[in-house]
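Listing of run22.txt; format and content: compact mmCIF, C-alpha atoms.
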# COMPACT_ATOMS: atom_id res chain seq x y z
CA MET A 250 119.81 99.92 86.99
CA LYS A 251 117.20 97.32 87.72
CA ARG A 252 116.04 99.02 90.87
CA PHE A 253 115.36 102.66 90.62
CA VAL A 254 115.55 104.52 93.86
CA GLY A 255 112.84 107.14 93.91
CA PRO A 256 112.73 110.23 96.06
CA VAL A 257 112.90 109.37 99.70
CA LEU A 258 110.36 110.98 101.93
CA LEU A 259 111.91 111.60 105.27
CA SER A 260 108.48 111.57 106.78
CA ALA A 261 108.14 107.97 105.67
CA LEU A 262 110.88 107.11 108.11
CA GLY A 263 108.80 108.39 110.96
CA THR A 264 107.11 106.18 113.42
CA VAL A 265 103.56 105.42 114.31
CA ALA A 266 102.32 104.26 117.63
CA CYS A 267 102.16 100.54 118.22
CA ALA A 268 98.96 98.94 119.34
CA THR A 269 98.76 98.97 123.08
CA PRO A 270 99.88 95.56 124.27
CA GLN A 271 97.79 93.54 126.65
CA SER A 272 98.89 93.64 130.24
CA ALA A 273 97.59 92.27 133.50
CA GLU A 274 99.14 95.14 135.36
CA PRO A 275 97.19 98.35 135.86
CA PRO A 276 97.18 100.47 132.71
CA ARG A 277 99.26 103.56 132.84
CA ALA A 278 97.64 106.93 132.55
CA ALA A 279 97.25 107.84 128.87
CA ALA A 280 97.83 111.54 129.07
CA THR A 281 99.76 112.04 125.86
CA PRO A 282 97.91 112.22 122.55
CA VAL A 283 100.40 109.95 120.78
CA ASP A 284 101.62 106.76 122.41
CA LYS A 285 105.37 106.75 121.87
CA THR A 286 105.92 103.65 123.96
CA SER A 287 105.32 100.00 123.29
CA GLY A 288 104.02 99.32 126.77
CA ASP A 289 105.60 97.41 129.58
CA LEU A 290 106.61 93.82 129.84
CA ARG A 291 105.22 91.69 132.61
CA SER A 292 107.89 90.69 135.07
CA PRO A 293 108.98 87.14 135.96
CA ALA A 294 107.33 87.70 139.35
CA PHE A 295 103.98 88.11 137.64
CA PHE A 296 104.34 84.73 135.96
CA GLU A 297 105.64 83.15 139.16
CA ALA A 298 102.49 84.32 140.92
CA THR A 299 99.99 83.43 138.23
CA VAL A 300 101.30 80.32 136.46
CA PRO A 301 102.18 77.64 139.02
CA ASP A 302 103.01 74.91 136.51
CA ARG A 303 106.70 75.14 135.61
CA VAL A 304 106.35 74.09 131.99
CA GLU A 305 103.41 76.39 131.34
CA ARG A 306 105.18 79.24 133.11
CA SER A 307 108.29 78.74 131.00
CA ARG A 308 106.21 78.82 127.84
CA ALA A 309 104.38 81.93 129.03
CA LEU A 310 107.68 83.66 129.77
CA PHE A 311 108.90 82.97 126.27
CA LEU A 312 105.68 84.30 124.80
CA GLU A 313 106.21 87.49 126.77
CA ALA A 314 109.76 87.79 125.43
CA THR A 315 108.38 87.27 121.95
CA ARG A 316 106.81 90.72 122.23
CA VAL A 317 110.39 91.99 122.03
CA PHE A 318 111.64 89.55 119.40
CA LEU A 319 108.82 90.45 117.03
CA HIS A 320 108.82 94.17 117.74
CA PRO A 321 109.82 96.15 114.62
CA ARG A 322 112.95 97.52 116.33
CA CYS A 323 114.19 93.94 116.59
CA VAL A 324 112.59 91.84 113.87
CA ASN A 325 113.29 94.37 111.12
CA CYS A 326 116.90 93.18 111.07
CA HIS A 327 115.94 89.52 111.48
CA PRO A 328 114.26 89.27 108.06
CA ALA A 329 113.27 86.09 106.29
CA GLY A 330 115.05 87.19 103.12
CA ASP A 331 118.22 89.07 102.28
CA SER A 332 117.02 92.62 102.89
CA PRO A 333 116.09 94.26 106.19
CA MET A 334 112.83 96.00 106.90
CA GLN A 335 112.33 99.50 108.16
CA GLY A 336 109.83 101.45 110.24
CA ASP A 337 106.84 100.26 112.19
CA ALA A 338 105.06 99.45 108.94
CA GLN A 339 108.00 97.17 108.12
CA TYR A 340 108.52 98.16 104.53
CA LEU A 341 111.73 97.19 102.76
CA HIS A 342 114.83 99.16 103.71
CA ASP A 343 115.25 102.28 101.61
CA PRO A 344 117.77 102.67 100.01
CA PRO A 345 117.64 99.06 98.88
CA VAL A 346 120.28 96.94 100.57
CA TRP A 347 121.25 93.28 100.67
CA ARG A 348 122.89 91.22 103.39
CA GLY A 349 125.92 90.13 101.34
CA SER A 350 128.04 87.13 102.21
CA GLU A 351 128.76 88.20 105.80
CA ASP A 352 125.44 89.88 106.72
CA ARG A 353 127.14 93.28 106.65
CA GLY A 354 125.94 94.46 103.26
CA VAL A 355 127.58 94.35 99.84
CA VAL A 356 130.73 96.19 98.79
CA GLY A 357 129.93 99.87 98.44
CA MET A 358 126.76 99.46 100.46
CA GLU A 359 127.91 98.04 103.76
CA CYS A 360 125.67 98.55 106.78
CA THR A 361 128.37 100.69 108.35
CA SER A 362 128.61 102.90 105.28
CA CYS A 363 125.69 104.75 106.88
CA HIS A 364 125.08 103.26 110.33
CA GLN A 365 127.61 104.62 112.81
CA ASP A 366 128.74 102.95 116.02
CA GLN A 367 127.67 105.88 118.13
CA LYS A 368 124.56 107.97 118.55
CA LEU A 369 124.06 110.45 115.78
CA ASP A 370 122.16 113.60 116.59
CA LEU A 371 122.57 115.22 113.20
CA ALA A 372 120.73 112.58 111.18
CA ARG A 373 118.02 109.98 111.66
CA VAL A 374 120.20 107.00 110.73
CA PRO A 375 119.98 104.40 113.52
CA SER A 376 123.36 103.83 115.09
CA ALA A 377 124.88 101.23 117.38
CA PRO A 378 128.13 99.27 117.41
CA MET A 379 128.52 96.53 114.81
CA TRP A 380 125.33 97.35 112.94
CA ARG A 381 124.51 94.32 110.79
CA LEU A 382 121.79 91.88 109.80
CA ALA A 383 121.07 88.78 111.80
CA PRO A 384 122.23 85.72 109.84
CA ARG A 385 119.57 84.12 107.71
CA VAL A 386 119.29 81.13 110.07
CA MET A 387 118.17 83.61 112.75
CA ALA A 388 115.22 84.89 110.73
CA TRP A 389 112.32 85.82 112.99
CA ALA A 390 110.07 87.54 110.47
CA GLY A 391 107.08 85.33 109.76
CA GLN A 392 108.01 82.87 112.49
CA SER A 393 105.78 81.73 115.31
CA ALA A 394 106.90 82.03 118.91
CA HIS A 395 107.54 78.29 118.78
CA GLY A 396 109.77 78.67 115.73
CA ILE A 397 111.77 81.50 117.29
CA CYS A 398 112.14 79.52 120.51
CA GLU A 399 113.49 76.46 118.75
CA GLN A 400 115.91 78.63 116.79
CA ILE A 401 117.20 80.39 119.89
CA LYS A 402 117.82 77.06 121.62
CA ASP A 403 119.63 75.54 118.65
CA PRO A 404 123.42 76.18 118.76
CA ALA A 405 123.55 75.61 115.01
CA ARG A 406 121.21 78.56 114.56
CA ASN A 407 121.99 80.80 117.53
CA GLY A 408 125.63 81.56 116.90
CA GLY A 409 126.86 78.62 118.98
CA ARG A 410 125.58 80.13 122.21
CA THR A 411 124.69 78.30 125.37
CA LEU A 412 121.46 79.39 127.03
CA ASP A 413 123.49 81.29 129.61
CA ARG A 414 125.15 83.19 126.81
CA ILE A 415 121.72 83.90 125.32
CA VAL A 416 120.81 85.54 128.62
CA GLU A 417 124.07 87.50 128.60
CA HIS A 418 123.51 88.54 124.99
CA SER A 419 119.99 89.69 125.84
CA ALA A 420 121.21 91.69 128.81
CA HIS A 421 124.31 93.41 127.50
CA ASP A 422 124.76 93.27 123.74
CA PRO A 423 124.98 96.89 122.55
CA LEU A 424 123.16 96.21 119.30
CA VAL A 425 120.35 94.52 121.22
CA ALA A 426 120.33 97.54 123.55
CA TRP A 427 119.56 99.84 120.63
CA GLY A 428 116.04 98.38 120.59
CA TRP A 429 115.21 100.37 123.71
CA THR A 430 117.07 103.54 122.75
CA PRO A 431 116.35 103.83 119.03
CA GLY A 432 116.29 107.62 118.97
CA ALA A 433 114.80 109.94 116.38
CA GLY A 434 111.27 109.47 117.70
CA ARG A 435 111.16 105.75 116.99
CA VAL A 436 108.97 103.56 119.16
CA PRO A 437 111.25 101.51 121.43
CA ALA A 438 110.85 97.81 122.12
CA PRO A 439 108.51 97.01 125.05
CA GLY A 440 109.74 97.36 128.61
CA THR A 441 113.44 97.73 129.27
CA GLN A 442 116.45 95.69 128.27
CA ALA A 443 116.98 94.76 131.91
CA LEU A 444 113.43 93.46 132.28
CA PHE A 445 113.67 91.64 128.96
CA ALA A 446 116.85 89.94 130.15
CA GLU A 447 115.16 88.98 133.42
CA ILE A 448 112.37 87.34 131.45
CA VAL A 449 114.83 85.45 129.27
CA ARG A 450 116.74 84.38 132.38
CA ALA A 451 113.53 83.19 134.05
CA TRP A 452 112.62 81.30 130.89
CA VAL A 453 116.00 79.54 130.90
CA GLU A 454 115.81 78.78 134.64
CA SER A 455 112.32 77.35 134.25
CA GLY A 456 113.50 74.84 131.69
CA ALA A 457 113.54 76.85 128.45
CA GLU A 458 110.28 75.35 127.32
CA CYS A 459 108.90 76.38 123.96
CA PRO A 460 105.30 77.51 123.41
CA ALA A 461 103.05 75.40 121.23
CA GLU A 462 103.14 76.16 117.53
CA GLU A 463 99.72 77.79 117.64
CA ALA A 464 100.51 79.92 120.70
CA ARG A 465 100.31 83.65 120.05
CA ARG A 466 100.97 86.61 122.26
CA MET B 42 139.66 118.84 119.75
CA THR B 43 142.40 118.00 117.28
CA VAL B 44 141.63 115.11 114.98
CA LYS B 45 144.42 113.57 112.96
CA LEU B 46 143.56 111.93 109.71
CA GLN B 47 145.09 111.21 106.35
CA VAL B 48 143.25 112.54 103.33
CA ASN B 49 144.37 111.51 99.85
CA GLY B 50 147.76 110.58 101.24
CA VAL B 51 148.32 113.83 103.10
CA GLU B 52 148.37 113.97 106.90
CA HIS B 53 146.11 116.57 108.46
CA ALA B 54 145.40 117.68 112.01
CA VAL B 55 142.12 119.56 112.16
CA ASP B 56 140.81 121.42 115.17
CA VAL B 57 137.10 120.70 115.03
CA ASP B 58 134.25 119.27 117.05
CA PRO B 59 134.78 115.49 116.97
CA ASP B 60 131.12 115.07 116.01
CA MET B 61 131.48 117.31 112.96
CA PRO B 62 130.54 115.31 109.86
CA LEU B 63 133.53 114.26 107.82
CA LEU B 64 131.94 115.99 104.83
CA TRP B 65 132.12 119.35 106.60
CA VAL B 66 135.78 118.81 107.34
CA LEU B 67 136.54 117.86 103.75
CA ARG B 68 134.66 120.72 102.16
CA ASP B 69 134.84 123.58 104.65
CA VAL B 70 138.12 122.92 106.47
CA LEU B 71 140.28 121.22 103.85
CA ASN B 72 138.63 122.88 100.82
CA LEU B 73 138.15 119.58 99.03
CA THR B 74 134.84 120.45 97.38
CA GLY B 75 134.66 117.59 94.91
CA THR B 76 132.59 115.60 97.40
CA LYS B 77 129.03 116.91 97.38
CA TYR B 78 126.35 117.53 99.97
CA GLY B 79 123.12 115.91 98.83
CA CYS B 80 120.57 114.95 101.44
CA GLY B 81 122.56 115.10 104.67
CA GLN B 82 120.83 111.93 105.82
CA ALA B 83 122.89 109.15 104.18
CA LEU B 84 120.11 108.52 101.72
CA CYS B 85 121.47 109.67 98.36
CA GLY B 86 125.17 108.75 98.13
CA ALA B 87 126.45 112.08 96.80
CA CYS B 88 128.89 112.38 99.71
CA ALA B 89 130.43 108.90 99.39
CA VAL B 90 134.15 108.71 100.17
CA HIS B 91 136.44 105.87 101.20
CA LEU B 92 137.56 105.29 104.76
CA ASP B 93 140.37 102.75 104.67
CA GLY B 94 138.90 101.61 101.37
CA GLN B 95 135.32 101.21 102.59
CA VAL B 96 132.58 103.46 101.30
CA VAL B 97 131.11 105.73 103.96
CA ARG B 98 128.51 108.45 103.65
CA SER B 99 130.58 111.37 104.85
CA CYS B 100 127.55 113.53 105.64
CA VAL B 101 126.72 111.31 108.63
CA THR B 102 130.19 110.10 109.53
CA PRO B 103 131.58 111.92 112.57
CA VAL B 104 135.12 113.01 111.83
CA GLN B 105 136.34 111.21 114.94
CA ARG B 106 135.58 107.92 113.15
CA ALA B 107 138.32 108.90 110.69
CA GLU B 108 140.88 109.52 113.44
CA GLY B 109 144.15 107.89 112.41
CA ARG B 110 142.63 106.44 109.28
CA ALA B 111 142.96 107.03 105.54
CA VAL B 112 140.28 108.98 103.70
CA THR B 113 140.11 108.98 99.93
CA THR B 114 137.96 111.50 98.08
CA ILE B 115 137.30 111.95 94.40
CA GLU B 116 140.31 114.28 94.28
CA GLY B 117 142.53 111.45 95.47
CA LEU B 118 141.19 108.63 93.34
CA SER B 119 144.02 109.31 90.88
CA ALA B 120 146.59 112.04 90.48
CA ASP B 121 145.61 112.94 86.95
CA GLY B 122 142.11 111.62 86.32
CA SER B 123 143.46 108.39 84.91
CA HIS B 124 141.61 105.91 87.10
CA PRO B 125 139.88 103.45 84.76
CA LEU B 126 136.51 104.63 86.02
CA GLN B 127 137.35 108.27 85.37
CA ARG B 128 138.49 107.43 81.84
CA ALA B 129 135.37 105.37 81.22
CA TRP B 130 133.20 108.18 82.59
CA VAL B 131 134.74 110.61 80.13
CA ALA B 132 134.65 108.18 77.23
CA LEU B 133 130.95 107.48 77.66
CA GLY B 134 129.94 110.98 78.71
CA VAL B 135 128.24 109.63 81.79
CA PRO B 136 127.35 112.82 83.71
CA GLN B 137 124.45 115.04 82.91
CA CYS B 138 124.31 117.67 85.65
CA GLY B 139 127.17 115.88 87.40
CA TYR B 140 126.21 116.59 91.00
CA CYS B 141 126.00 112.95 92.09
CA GLN B 142 128.90 111.71 90.03
CA ALA B 143 131.69 111.97 92.60
CA GLY B 144 129.70 109.70 94.88
CA GLN B 145 128.83 107.37 92.02
CA ILE B 146 132.48 107.01 91.02
CA MET B 147 133.71 106.49 94.59
CA THR B 148 131.14 103.76 95.17
CA ALA B 149 131.99 102.17 91.84
CA ALA B 150 135.70 102.32 92.69
CA ALA B 151 135.10 100.42 95.92
CA LEU B 152 133.06 97.89 93.99
CA LEU B 153 135.79 97.25 91.44
CA ALA B 154 138.45 97.09 94.14
CA GLY B 155 136.46 94.30 95.79
CA LYS B 156 135.02 92.69 92.67
CA PRO B 157 137.14 93.42 89.60
CA LYS B 158 134.64 91.71 87.27
CA PRO B 159 131.21 92.33 88.77
CA THR B 160 128.05 90.96 87.27
CA ASP B 161 125.29 93.38 86.32
CA ASP B 162 123.41 92.26 89.41
CA GLU B 163 126.41 92.99 91.61
CA ILE B 164 126.79 96.41 89.98
CA ASP B 165 123.13 97.18 90.58
CA ARG B 166 123.26 96.11 94.23
CA SER B 167 126.39 98.07 95.06
CA MET B 168 125.17 101.17 93.25
CA ALA B 169 121.55 101.00 94.44
CA GLY B 170 122.08 103.64 97.12
CA ASN B 171 123.54 106.27 94.80
CA ILE B 172 120.72 108.34 93.41
CA CYS B 173 120.96 110.27 90.13
CA ARG B 174 118.17 112.73 89.48
CA CYS B 175 119.19 112.94 85.84
CA GLY B 176 118.69 109.20 85.45
CA THR B 177 122.12 108.39 84.08
CA TYR B 178 121.95 104.88 85.50
CA PRO B 179 122.36 103.04 82.16
CA ARG B 180 125.51 105.02 81.38
CA ILE B 181 126.84 104.51 84.92
CA ARG B 182 126.49 100.77 84.58
CA ALA B 183 128.00 100.81 81.09
CA ALA B 184 130.98 102.82 82.33
CA ILE B 185 131.58 100.46 85.23
CA ARG B 186 131.51 97.55 82.80
CA LYS B 187 133.92 99.39 80.50
CA ALA B 188 136.31 100.18 83.35
CA ALA B 189 136.18 96.55 84.40
CA GLY B 190 137.00 95.44 80.87
CA ILE B 191 133.71 93.63 80.51
CA ALA B 192 132.69 93.25 76.88
CA ASP B 193 129.37 94.70 75.76
CA ASP B 194 126.49 92.27 75.42

I'd like the structure from this file rewritten - as structure tokens, please.
Amino acid sequence: MKRFVGPVLLSALGTVACATPQSAEPPRAAATPVDKTSGDLRSPAFFEATVPDRVERSRALFLEATRVFLHPRCVNCHPAGDSPMQGDAQYLHDPPVWRGSEDRGVVGMECTSCHQDQKLDLARVPSAPMWRLAPRVMAWAGQSAHGICEQIKDPARNGGRTLDRIVEHSAHDPLVAWGWTPGAGRVPAPGTQALFAEIVRAWVESGAECPAEEARR
Amino acid sequence: MTVKLQVNGVEHAVDVDPDMPLLWVLRDVLNLTGTKYGCGQALCGACAVHLDGQVVRSCVTPVQRAEGRAVTTIEGLSADGSHPLQRAWVALGVPQCGYCQAGQIMTAAALLAGKPKPTDDEIDRSMAGNICRCGTYPRIRAAIRKAAGIADD
């Protein structure tokens, strides 16, 4: 075999705390020794109150949502290549897997060979319905917020979705939802799915403006 | 809860917790011990079986996922050990300790069912998740090629 699979250290699948994200809201009490959260998202109301210009507010809202898009729980399965990443350190998926022709793995190594459609208490394998890779045209890894924004707005690269359907997808898709309930001690995506969807909705309603290429969260 | 499933062509109704791993049902309830317990975390491939023809890691597959579906284990791959992969395995003496081999063969069988003439790269990608501590990988690949009727280089 060209790729030898060495012993897998279960501990390597563990999680490490994310850097505390910036927030204009009062910091929460840091009573626990290990931060198992990714922090909160700022709400649309915050941007409404602090960014009066519609275009700038729309861009700021998208930047806030980018904290979710580029969080390891989300971007790990939106890779630039043909293999997903894993863990907060974003190393290549172990065992080695490839997207295959339909983004569901190759024969004998389909995503759902291991990933179940329901929560699994007996093992650490992440599970949610329809576990699969995002298509290659939806790669977020290595992209700027501007690049992700343009992709999400482009029906040719967003699964043919209208912006309203993007909001719906953000709010209710069960695989998206896994990002906030990853289980097994994994650090969830920032905020909540509901708040994330509110931000995406506010971004759409404010004109779906994209941040400048150099903009970073 | 009673779960109905077909295993190697035989209908079964098992009274188990629906979250019980399929592997437990196969080995401890149905006494089909050809499928092995390796890591219990879907990381090694020793427990690979087919569910409606697709490879699943039975150690992490809740038995309720198999409800009303067809499971094939190494015991059901052929009635008499005559599957081309089984014959190739014997001909080339693939196993060393043998513990992982049921999973290797079941994964390889799914590969050949989907790709009767796989390239070496396709073999490597499909088999990449089946670990062999004895390092029989070159013989595994050679046996898959032999079963597929692919001439030696």

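Closest to Arg68 of chain B among B:Val48, B:Leu84, B:Val135, B:Val97 is B:Val48, based on all atoms listed in the file.
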
Please identify all polymer residues within 12 Å of Val300 of chain A, counting all atoms listed in the file, omitting same-chain residues fewer than 6 positions from it, and present them as a tab-separated table (two decimals) with C-alpha atoms, in the frame of the given file.
chain	number	residue	atom	x	y	z
A	293	PRO	CA	108.98	87.14	135.96
A	294	ALA	CA	107.33	87.70	139.35
A	306	ARG	CA	105.18	79.24	133.11
A	307	SER	CA	108.29	78.74	131.00
A	308	ARG	CA	106.21	78.82	127.84
A	309	ALA	CA	104.38	81.93	129.03
A	310	LEU	CA	107.68	83.66	129.77
A	455	SER	CA	112.32	77.35	134.25

## Note on the structure
Taken to one decimal, the atom CA of Val70 of chain B-atom CA of Gly170 of chain B distance is 26.8 Å

#### Entry: Non-local contacts of Ile164 of chain B (8 Å; only C-alpha atoms; under 6 positions in same chain excluded) as a ChimeraX atom specification
/B:149,152,182,185

### Task
Define the interface residues of chain B facing chain A as those within 6 Å, counting only C-alpha atoms, and report them as an MDAnalysis selection string.
chainID B and resid 82:83 96:98 148 151:152 165 167 170 178

### Task
Please write as a PyMOL selection string the list of polymer residues whose atoms come within 9 Å of (135.7, 105.0, 99.0), counting only C-alpha atoms and keeping to the coordinates of the file.
(chain A and resi 357) or (chain B and resi 89-97+112-115+118+144+146-151)

Write segment 408-427 of chain A as a PDB file, in the frame of the given file, completed to N, CA and C atoms.
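What landed in selection_3.pdb:
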ATOM      1  N   GLY A 408     124.266  81.061 116.786  1.00  0.00           N
ATOM      2  CA  GLY A 408     125.630  81.560 116.900  1.00  0.00           C
ATOM      3  C   GLY A 408     126.483  80.745 117.859  1.00  0.00           C
ATOM      4  N   GLY A 409     126.076  79.499 118.112  1.00  0.00           N
ATOM      5  CA  GLY A 409     126.860  78.620 118.980  1.00  0.00           C
ATOM      6  C   GLY A 409     126.784  78.993 120.451  1.00  0.00           C
ATOM      7  N   ARG A 410     125.697  79.647 120.825  1.00  0.00           N
ATOM      8  CA  ARG A 410     125.580  80.130 122.210  1.00  0.00           C
ATOM      9  C   ARG A 410     124.918  79.091 123.112  1.00  0.00           C
ATOM     10  N   THR A 411     125.415  79.014 124.325  1.00  0.00           N
ATOM     11  CA  THR A 411     124.690  78.300 125.370  1.00  0.00           C
ATOM     12  C   THR A 411     123.511  79.164 125.800  1.00  0.00           C
ATOM     13  N   LEU A 412     122.599  78.592 126.554  1.00  0.00           N
ATOM     14  CA  LEU A 412     121.460  79.390 127.030  1.00  0.00           C
ATOM     15  C   LEU A 412     121.928  80.502 127.967  1.00  0.00           C
ATOM     16  N   ASP A 413     122.960  80.218 128.751  1.00  0.00           N
ATOM     17  CA  ASP A 413     123.490  81.290 129.610  1.00  0.00           C
ATOM     18  C   ASP A 413     124.024  82.453 128.774  1.00  0.00           C
ATOM     19  N   ARG A 414     124.637  82.111 127.671  1.00  0.00           N
ATOM     20  CA  ARG A 414     125.150  83.190 126.810  1.00  0.00           C
ATOM     21  C   ARG A 414     124.006  83.906 126.100  1.00  0.00           C
ATOM     22  N   ILE A 415     122.909  83.226 125.871  1.00  0.00           N
ATOM     23  CA  ILE A 415     121.720  83.900 125.320  1.00  0.00           C
ATOM     24  C   ILE A 415     121.235  84.949 126.311  1.00  0.00           C
ATOM     25  N   VAL A 416     121.226  84.578 127.583  1.00  0.00           N
ATOM     26  CA  VAL A 416     120.810  85.540 128.620  1.00  0.00           C
ATOM     27  C   VAL A 416     121.772  86.733 128.631  1.00  0.00           C
ATOM     28  N   GLU A 417     123.056  86.445 128.594  1.00  0.00           N
ATOM     29  CA  GLU A 417     124.070  87.500 128.600  1.00  0.00           C
ATOM     30  C   GLU A 417     123.916  88.413 127.377  1.00  0.00           C
ATOM     31  N   HIS A 418     123.706  87.792 126.241  1.00  0.00           N
ATOM     32  CA  HIS A 418     123.510  88.540 124.990  1.00  0.00           C
ATOM     33  C   HIS A 418     122.282  89.447 125.120  1.00  0.00           C
ATOM     34  N   SER A 419     121.224  88.910 125.681  1.00  0.00           N
ATOM     35  CA  SER A 419     119.990  89.690 125.840  1.00  0.00           C
ATOM     36  C   SER A 419     120.211  90.872 126.776  1.00  0.00           C
ATOM     37  N   ALA A 420     121.042  90.667 127.775  1.00  0.00           N
ATOM     38  CA  ALA A 420     121.210  91.690 128.810  1.00  0.00           C
ATOM     39  C   ALA A 420     122.186  92.787 128.420  1.00  0.00           C
ATOM     40  N   HIS A 421     123.204  92.448 127.640  1.00  0.00           N
ATOM     41  CA  HIS A 421     124.310  93.410 127.500  1.00  0.00           C
ATOM     42  C   HIS A 421     124.750  93.721 126.083  1.00  0.00           C
ATOM     43  N   ASP A 422     124.280  92.994 125.091  1.00  0.00           N
ATOM     44  CA  ASP A 422     124.760  93.270 123.740  1.00  0.00           C
ATOM     45  C   ASP A 422     124.353  94.688 123.324  1.00  0.00           C
ATOM     46  N   PRO A 423     125.319  95.495 122.867  1.00  0.00           N
ATOM     47  CA  PRO A 423     124.980  96.890 122.550  1.00  0.00           C
ATOM     48  C   PRO A 423     124.048  97.045 121.359  1.00  0.00           C
ATOM     49  N   LEU A 424     124.091  96.105 120.424  1.00  0.00           N
ATOM     50  CA  LEU A 424     123.160  96.210 119.300  1.00  0.00           C
ATOM     51  C   LEU A 424     121.745  95.828 119.749  1.00  0.00           C
ATOM     52  N   VAL A 425     121.644  94.841 120.626  1.00  0.00           N
ATOM     53  CA  VAL A 425     120.350  94.520 121.220  1.00  0.00           C
ATOM     54  C   VAL A 425     119.830  95.731 122.000  1.00  0.00           C
ATOM     55  N   ALA A 426     120.723  96.389 122.713  1.00  0.00           N
ATOM     56  CA  ALA A 426     120.330  97.540 123.550  1.00  0.00           C
ATOM     57  C   ALA A 426     119.704  98.655 122.728  1.00  0.00           C
ATOM     58  N   TRP A 427     120.109  98.778 121.474  1.00  0.00           N
ATOM     59  CA  TRP A 427     119.560  99.840 120.630  1.00  0.00           C
ATOM     60  C   TRP A 427     118.030  99.752 120.561  1.00  0.00           C
TER      61      TRP A 427
END
